[in-house]
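Q: structure_9.json is the file, holding JSON, C-alpha atoms:
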```json
[["chain", "number", "residue", "atom", "x", "y", "z"],
["Z", 1, "MET", "CA", 88.52, 11.97, -22.35],
["Z", 2, "SER", "CA", 84.87, 12.27, -21.41],
["Z", 3, "ARG", "CA", 83.72, 9.53, -19.11],
["Z", 4, "ILE", "CA", 80.06, 10.55, -19.21],
["Z", 5, "GLY", "CA", 79.97, 11.27, -22.95],
["Z", 6, "ASN", "CA", 81.34, 7.87, -23.91],
["Z", 7, "LYS", "CA", 78.65, 5.90, -22.04],
["Z", 8, "PRO", "CA", 75.89, 4.62, -24.30],
["Z", 9, "LEU", "CA", 72.36, 5.63, -23.30],
["Z", 10, "GLU", "CA", 69.66, 2.96, -23.40],
["Z", 11, "LEU", "CA", 66.16, 4.16, -24.25],
["Z", 12, "PRO", "CA", 63.38, 2.62, -22.14],
["Z", 13, "ALA", "CA", 60.30, 1.10, -23.75],
["Z", 14, "GLY", "CA", 57.86, 3.74, -24.99],
["Z", 15, "VAL", "CA", 60.50, 6.43, -25.52],
["Z", 16, "SER", "CA", 61.28, 7.63, -29.04],
["Z", 17, "PHE", "CA", 64.26, 9.67, -30.20],
["Z", 18, "ALA", "CA", 64.47, 11.81, -33.34],
["Z", 19, "ARG", "CA", 66.95, 14.35, -34.67],
["Z", 20, "SER", "CA", 66.15, 16.92, -37.34],
["Z", 21, "GLY", "CA", 69.00, 19.27, -38.12],
["Z", 22, "SER", "CA", 70.34, 20.53, -34.81],
["Z", 23, "ASP", "CA", 67.12, 19.88, -32.83],
["Z", 24, "VAL", "CA", 66.68, 16.65, -30.88],
["Z", 25, "THR", "CA", 63.20, 15.47, -29.86],
["Z", 26, "VAL", "CA", 62.61, 12.91, -27.13],
["Z", 27, "LYS", "CA", 59.00, 11.70, -26.73],
["Z", 28, "GLY", "CA", 57.66, 9.49, -24.00],
["Z", 29, "PRO", "CA", 54.53, 8.64, -22.03],
["Z", 30, "LYS", "CA", 54.77, 11.74, -19.78],
["Z", 31, "GLY", "CA", 55.70, 14.38, -22.33],
["Z", 32, "GLU", "CA", 58.08, 15.62, -24.99],
["Z", 33, "VAL", "CA", 61.40, 17.45, -24.73],
["Z", 34, "VAL", "CA", 63.06, 19.34, -27.59],
["Z", 35, "PHE", "CA", 66.59, 20.70, -27.21],
["Z", 36, "HIS", "CA", 69.23, 22.21, -29.45],
["Z", 37, "CYS", "CA", 72.21, 19.88, -29.99],
["Z", 38, "SER", "CA", 75.73, 21.04, -30.75],
["Z", 39, "THR", "CA", 77.00, 20.36, -34.27],
["Z", 40, "ASP", "CA", 80.31, 19.17, -32.76],
["Z", 41, "VAL", "CA", 78.77, 15.83, -31.78],
["Z", 42, "ALA", "CA", 76.98, 13.09, -33.67],
["Z", 43, "LEU", "CA", 74.11, 11.11, -32.15],
["Z", 44, "ASP", "CA", 73.91, 7.52, -33.37],
["Z", 45, "LEU", "CA", 70.88, 5.31, -32.72],
["Z", 46, "GLU", "CA", 71.34, 1.55, -32.87],
["Z", 47, "GLY", "CA", 68.26, -0.34, -31.74],
["Z", 48, "ALA", "CA", 67.34, 1.22, -28.39],
["Z", 49, "VAL", "CA", 70.84, 2.54, -27.62],
["Z", 50, "VAL", "CA", 71.99, 6.10, -28.34],
["Z", 51, "THR", "CA", 75.70, 6.96, -28.40],
["Z", 52, "VAL", "CA", 77.18, 10.45, -28.45],
["Z", 53, "ASN", "CA", 80.34, 10.69, -30.58],
["Z", 54, "ARG", "CA", 82.61, 13.66, -31.23],
["Z", 55, "ARG", "CA", 83.05, 14.79, -34.83],
["Z", 56, "SER", "CA", 86.54, 16.11, -34.05],
["Z", 57, "ASN", "CA", 88.92, 16.22, -31.13],
["Z", 58, "SER", "CA", 88.69, 19.99, -30.63],
["Z", 59, "LYS", "CA", 88.21, 21.52, -27.20],
["Z", 60, "GLY", "CA", 84.61, 22.52, -28.01],
["Z", 61, "ALA", "CA", 83.73, 19.03, -29.23],
["Z", 62, "ARG", "CA", 85.19, 17.43, -26.10],
["Z", 63, "ALA", "CA", 83.22, 19.84, -23.91],
["Z", 64, "SER", "CA", 79.99, 19.30, -25.85],
["Z", 65, "GLN", "CA", 80.09, 15.50, -25.77],
["Z", 66, "GLY", "CA", 79.47, 15.12, -22.04],
["Z", 67, "THR", "CA", 77.01, 18.02, -21.93],
["Z", 68, "VAL", "CA", 74.87, 16.66, -24.76],
["Z", 69, "ARG", "CA", 74.94, 13.16, -23.26],
["Z", 70, "ARG", "CA", 73.76, 14.48, -19.85],
["Z", 71, "ILE", "CA", 71.02, 16.65, -21.40],
["Z", 72, "LEU", "CA", 69.84, 13.66, -23.44],
["Z", 73, "GLU", "CA", 69.84, 11.46, -20.32],
["Z", 74, "ASN", "CA", 67.80, 14.06, -18.38],
["Z", 75, "SER", "CA", 65.36, 14.32, -21.30],
["Z", 76, "VAL", "CA", 64.84, 10.56, -21.39],
["Z", 77, "ARG", "CA", 64.38, 10.47, -17.61],
["Z", 78, "GLY", "CA", 61.93, 13.40, -17.73],
["Z", 79, "VAL", "CA", 59.60, 11.90, -20.35],
["Z", 80, "VAL", "CA", 59.34, 8.71, -18.26],
["Z", 81, "GLU", "CA", 58.96, 10.36, -14.83],
["Z", 82, "PRO", "CA", 58.56, 14.16, -14.67],
["Z", 83, "PHE", "CA", 60.96, 16.28, -12.65],
["Z", 84, "LYS", "CA", 59.55, 17.95, -9.54],
["Z", 85, "ARG", "CA", 60.55, 20.91, -7.38],
["Z", 86, "THR", "CA", 58.52, 21.76, -4.29],
["Z", 87, "LEU", "CA", 58.40, 25.34, -3.04],
["Z", 88, "GLU", "CA", 57.02, 26.57, 0.25],
["Z", 89, "VAL", "CA", 56.14, 30.08, 1.37],
["Z", 90, "VAL", "CA", 56.96, 31.03, 4.96],
["Z", 91, "GLY", "CA", 55.59, 34.23, 6.44],
["Z", 92, "VAL", "CA", 52.48, 35.61, 8.11],
["Z", 93, "GLY", "CA", 49.86, 36.29, 5.45],
["Z", 94, "TYR", "CA", 52.00, 34.96, 2.58],
["Z", 95, "GLN", "CA", 49.95, 32.95, 0.07],
["Z", 96, "ILE", "CA", 50.09, 31.33, -3.37],
["Z", 97, "ARG", "CA", 47.20, 30.95, -5.78],
["Z", 98, "LEU", "CA", 46.70, 29.69, -9.33],
["Z", 99, "ALA", "CA", 44.82, 31.79, -11.88],
["Z", 100, "GLY", "CA", 44.73, 29.87, -15.17],
["Z", 101, "ARG", "CA", 48.30, 29.73, -16.54],
["Z", 102, "GLN", "CA", 49.53, 32.25, -13.97],
["Z", 103, "LEU", "CA", 50.85, 31.88, -10.44],
["Z", 104, "GLY", "CA", 49.80, 34.60, -7.99],
["Z", 105, "LEU", "CA", 52.15, 35.34, -5.09],
["Z", 106, "LYS", "CA", 51.11, 37.40, -2.08],
["Z", 107, "VAL", "CA", 54.43, 37.76, -0.31],
["Z", 108, "GLY", "CA", 54.40, 41.07, 1.50],
["Z", 109, "PHE", "CA", 54.37, 43.50, -1.42],
["Z", 110, "ALA", "CA", 51.59, 46.05, -1.95],
["Z", 111, "ASN", "CA", 50.37, 44.16, -5.03],
["Z", 112, "GLU", "CA", 50.12, 40.49, -5.85],
["Z", 113, "VAL", "CA", 52.99, 39.31, -8.09],
["Z", 114, "MET", "CA", 51.77, 37.32, -11.11],
["Z", 115, "LEU", "CA", 54.14, 34.91, -12.90],
["Z", 116, "ASP", "CA", 53.32, 33.29, -16.24],
["Z", 117, "ILE", "CA", 53.73, 29.50, -16.14],
["Z", 118, "PRO", "CA", 55.80, 28.39, -19.19],
["Z", 119, "ASP", "CA", 54.64, 25.72, -21.64],
["Z", 120, "GLY", "CA", 55.63, 22.21, -20.58],
["Z", 121, "VAL", "CA", 55.52, 23.11, -16.87],
["Z", 122, "THR", "CA", 52.65, 22.21, -14.55],
["Z", 123, "VAL", "CA", 52.07, 23.77, -11.14],
["Z", 124, "ASN", "CA", 50.08, 21.89, -8.50],
["Z", 125, "LEU", "CA", 48.81, 23.80, -5.48],
["Z", 126, "LEU", "CA", 49.30, 21.55, -2.43],
["Z", 127, "SER", "CA", 48.14, 24.19, 0.06],
["Z", 128, "ALA", "CA", 47.99, 27.99, 0.27],
["Z", 129, "THR", "CA", 51.71, 27.97, 1.11],
["Z", 130, "LYS", "CA", 53.10, 24.99, -0.83],
["Z", 131, "ILE", "CA", 53.35, 24.17, -4.56],
["Z", 132, "ASP", "CA", 54.83, 21.49, -6.80],
["Z", 133, "VAL", "CA", 56.46, 22.52, -10.08],
["Z", 134, "LEU", "CA", 56.39, 19.55, -12.51],
["Z", 135, "GLY", "CA", 57.60, 18.99, -16.05],
["Z", 136, "SER", "CA", 59.53, 16.79, -18.46],
["Z", 137, "ASP", "CA", 62.25, 19.37, -19.14],
["Z", 138, "LYS", "CA", 64.58, 19.63, -16.14],
["Z", 139, "GLN", "CA", 65.88, 23.04, -17.23],
["Z", 140, "LYS", "CA", 62.39, 24.57, -17.51],
["Z", 141, "VAL", "CA", 61.28, 23.19, -14.15],
["Z", 142, "GLY", "CA", 64.40, 24.45, -12.39],
["Z", 143, "ALA", "CA", 64.28, 27.85, -14.09],
["Z", 144, "PHE", "CA", 60.63, 28.46, -13.19],
["Z", 145, "ALA", "CA", 61.19, 27.33, -9.59],
["Z", 146, "ALA", "CA", 64.20, 29.66, -9.33],
["Z", 147, "ARG", "CA", 62.26, 32.57, -10.84],
["Z", 148, "THR", "CA", 59.44, 31.99, -8.34],
["Z", 149, "ARG", "CA", 61.90, 31.85, -5.43],
["Z", 150, "LYS", "CA", 63.60, 35.04, -6.63],
["Z", 151, "VAL", "CA", 60.39, 37.05, -6.07],
["Z", 152, "ARG", "CA", 60.96, 36.87, -2.29],
["Z", 153, "PRO", "CA", 64.07, 34.83, -1.34],
["Z", 154, "PRO", "CA", 64.23, 33.69, 2.28],
["Z", 155, "GLU", "CA", 65.80, 36.28, 4.54],
["Z", 156, "PRO", "CA", 68.24, 35.21, 7.27],
["Z", 157, "TYR", "CA", 66.75, 37.02, 10.27],
["Z", 158, "ASN", "CA", 63.17, 35.73, 10.46],
["Z", 159, "GLY", "CA", 63.34, 33.04, 7.74],
["Z", 160, "LYS", "CA", 60.41, 34.56, 5.82],
["Z", 161, "GLY", "CA", 60.22, 34.14, 2.06],
["Z", 162, "ILE", "CA", 59.91, 31.50, -0.66],
["Z", 163, "ARG", "CA", 62.19, 28.50, -0.24],
["Z", 164, "TYR", "CA", 62.71, 25.08, -1.76],
["Z", 165, "ASP", "CA", 61.26, 22.23, 0.28],
["Z", 166, "GLY", "CA", 63.91, 21.07, 2.71],
["Z", 167, "GLU", "CA", 66.17, 24.08, 2.10],
["Z", 168, "ARG", "CA", 68.06, 25.07, 5.23],
["Z", 169, "ILE", "CA", 68.30, 28.80, 5.83],
["Z", 170, "GLN", "CA", 71.35, 29.95, 7.79],
["Z", 171, "ARG", "CA", 69.84, 32.14, 10.49],
["Z", 172, "LYS", "CA", 71.53, 35.26, 11.84],
["Z", 173, "ALA", "CA", 71.14, 36.83, 15.24],
["Z", 174, "GLY", "CA", 69.58, 40.29, 15.19],
["Z", 175, "LYS", "CA", 71.27, 43.35, 16.59],
["Z", 176, "SER", "CA", 71.41, 43.48, 20.31],
["Z", 177, "PHE", "CA", 72.00, 46.71, 22.11],
["Z", 178, "SER", "CA", 72.39, 47.71, 25.69],
["Z", 179, "SER", "CA", 71.05, 50.85, 27.17],
["Z", 180, "ALA", "CA", 73.59, 53.60, 27.57],
["Z", 181, "GLY", "CA", 73.73, 54.65, 31.15]]
```
Go through the file and emit its structure as structure tokens.

A:
Amino acid sequence: MSRIGNKPLELPAGVSFARSGSDVTVKGPKGEVVFHCSTDVALDLEGAVVTVNRRSNSKGARASQGTVRRILENSVRGVVEPFKRTLEVVGVGYQIRLAGRQLGLKVGFANEVMLDIPDGVTVNLLSATKIDVLGSDKQKVGAFAARTRKVRPPEPYNGKGIRYDGERIQRKAGKSFSSAG
């Protein structure tokens, strides 16, 4: 029995909820999130409370109930206060720049790597080596932050690369050799 899926979700003031077919739209003061909902669950709105109910007791319906409830909760939270991931670039000469709806990364390659910023995601440049990725959709924010980090993940010997703010990199000792005599 799903403990998360059975909890009713209360919508804060200013947040609207609509379902058309299998798409669910959550609108709020900070944005809008649209996600595809499983047909195994039914979403019922009573006043300002949304409940997620299973249509059957199949394994897929039981699995979907908690997942849909959590996605709906994250959507409601995101349209009230956007999700944020902070990334920092560590390395001599490594830089980040914004060029319209693209993020330019100079991270030790011969050419600058340009990443397209997806719709619904905002990137704020805090410094030449630090950015904030903001958005209402938690999945989009996390996916873009992960894609940015994947360009140059932090390496364990010198710690250079793109890392999440506060991420701890397990450092390794380099090779040590003695002279043969």

Q: Report, in Å to a single decimal, how far apart CA of Gly47 (chain Z) and CA of Asn6 (chain Z) are.

A: 17.3 Å

Q: Measure the distance from CA of Gln139 (chain Z) to CA of Glu73 (chain Z) in Å and round it to one decimal.

A: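 A separation of 12.6 Å between them.
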
Q: Have a look at CA of Pro8 (chain Z) and CA of Val121 (chain Z) and let me know their distance in Å, one decimal.

A: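 According to the coordinates, CA of Pro8 (chain Z) and CA of Val121 (chain Z) are separated by 28.5 Å.
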
Q: Within 10 Å of region 31-38 of chain Z, counting all atoms listed in the file, which residues show up once you throw out same-chain ones fewer than 2 positions away? Write them as number ranges by chain, please.

A: Z: 15-29, 40-43, 60-61, 64-65, 67-69, 71-72, 74-76, 78-82, 120, 135-138

Q: Selected residues, C-alpha atoms, written as an mmCIF file, in the frame of the given file, please.

A:
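Below is the file that was written, selection_21.cif:
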```
data_model
loop_
_atom_site.group_PDB
_atom_site.id
_atom_site.type_symbol
_atom_site.label_atom_id
_atom_site.label_comp_id
_atom_site.auth_asym_id
_atom_site.auth_seq_id
_atom_site.Cartn_x
_atom_site.Cartn_y
_atom_site.Cartn_z
ATOM 1 C CA VAL Z 15 60.500 6.430 -25.520
ATOM 2 C CA SER Z 16 61.280 7.630 -29.040
ATOM 3 C CA PHE Z 17 64.260 9.670 -30.200
ATOM 4 C CA ALA Z 18 64.470 11.810 -33.340
ATOM 5 C CA ARG Z 19 66.950 14.350 -34.670
ATOM 6 C CA SER Z 20 66.150 16.920 -37.340
ATOM 7 C CA GLY Z 21 69.000 19.270 -38.120
ATOM 8 C CA SER Z 22 70.340 20.530 -34.810
ATOM 9 C CA ASP Z 23 67.120 19.880 -32.830
ATOM 10 C CA VAL Z 24 66.680 16.650 -30.880
ATOM 11 C CA THR Z 25 63.200 15.470 -29.860
ATOM 12 C CA VAL Z 26 62.610 12.910 -27.130
ATOM 13 C CA LYS Z 27 59.000 11.700 -26.730
ATOM 14 C CA GLY Z 28 57.660 9.490 -24.000
ATOM 15 C CA PRO Z 29 54.530 8.640 -22.030
ATOM 16 C CA ASP Z 40 80.310 19.170 -32.760
ATOM 17 C CA VAL Z 41 78.770 15.830 -31.780
ATOM 18 C CA ALA Z 42 76.980 13.090 -33.670
ATOM 19 C CA LEU Z 43 74.110 11.110 -32.150
ATOM 20 C CA GLY Z 60 84.610 22.520 -28.010
ATOM 21 C CA ALA Z 61 83.730 19.030 -29.230
ATOM 22 C CA SER Z 64 79.990 19.300 -25.850
ATOM 23 C CA GLN Z 65 80.090 15.500 -25.770
ATOM 24 C CA THR Z 67 77.010 18.020 -21.930
ATOM 25 C CA VAL Z 68 74.870 16.660 -24.760
ATOM 26 C CA ARG Z 69 74.940 13.160 -23.260
ATOM 27 C CA ILE Z 71 71.020 16.650 -21.400
ATOM 28 C CA LEU Z 72 69.840 13.660 -23.440
ATOM 29 C CA ASN Z 74 67.800 14.060 -18.380
ATOM 30 C CA SER Z 75 65.360 14.320 -21.300
ATOM 31 C CA VAL Z 76 64.840 10.560 -21.390
ATOM 32 C CA GLY Z 78 61.930 13.400 -17.730
ATOM 33 C CA VAL Z 79 59.600 11.900 -20.350
ATOM 34 C CA VAL Z 80 59.340 8.710 -18.260
ATOM 35 C CA GLU Z 81 58.960 10.360 -14.830
ATOM 36 C CA PRO Z 82 58.560 14.160 -14.670
ATOM 37 C CA GLY Z 120 55.630 22.210 -20.580
ATOM 38 C CA GLY Z 135 57.600 18.990 -16.050
ATOM 39 C CA SER Z 136 59.530 16.790 -18.460
ATOM 40 C CA ASP Z 137 62.250 19.370 -19.140
ATOM 41 C CA LYS Z 138 64.580 19.630 -16.140
#
```

Q: Between Z:Ile96, Z:Ala110, Z:Leu9, Z:Ala145, which one has atoms that come closest to Lys130 (chain Z), using all atoms listed in the file?

A: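 When distances to Lys130 (chain Z) are compared using all atoms listed in the file, the smallest one comes from Z:Ile96.
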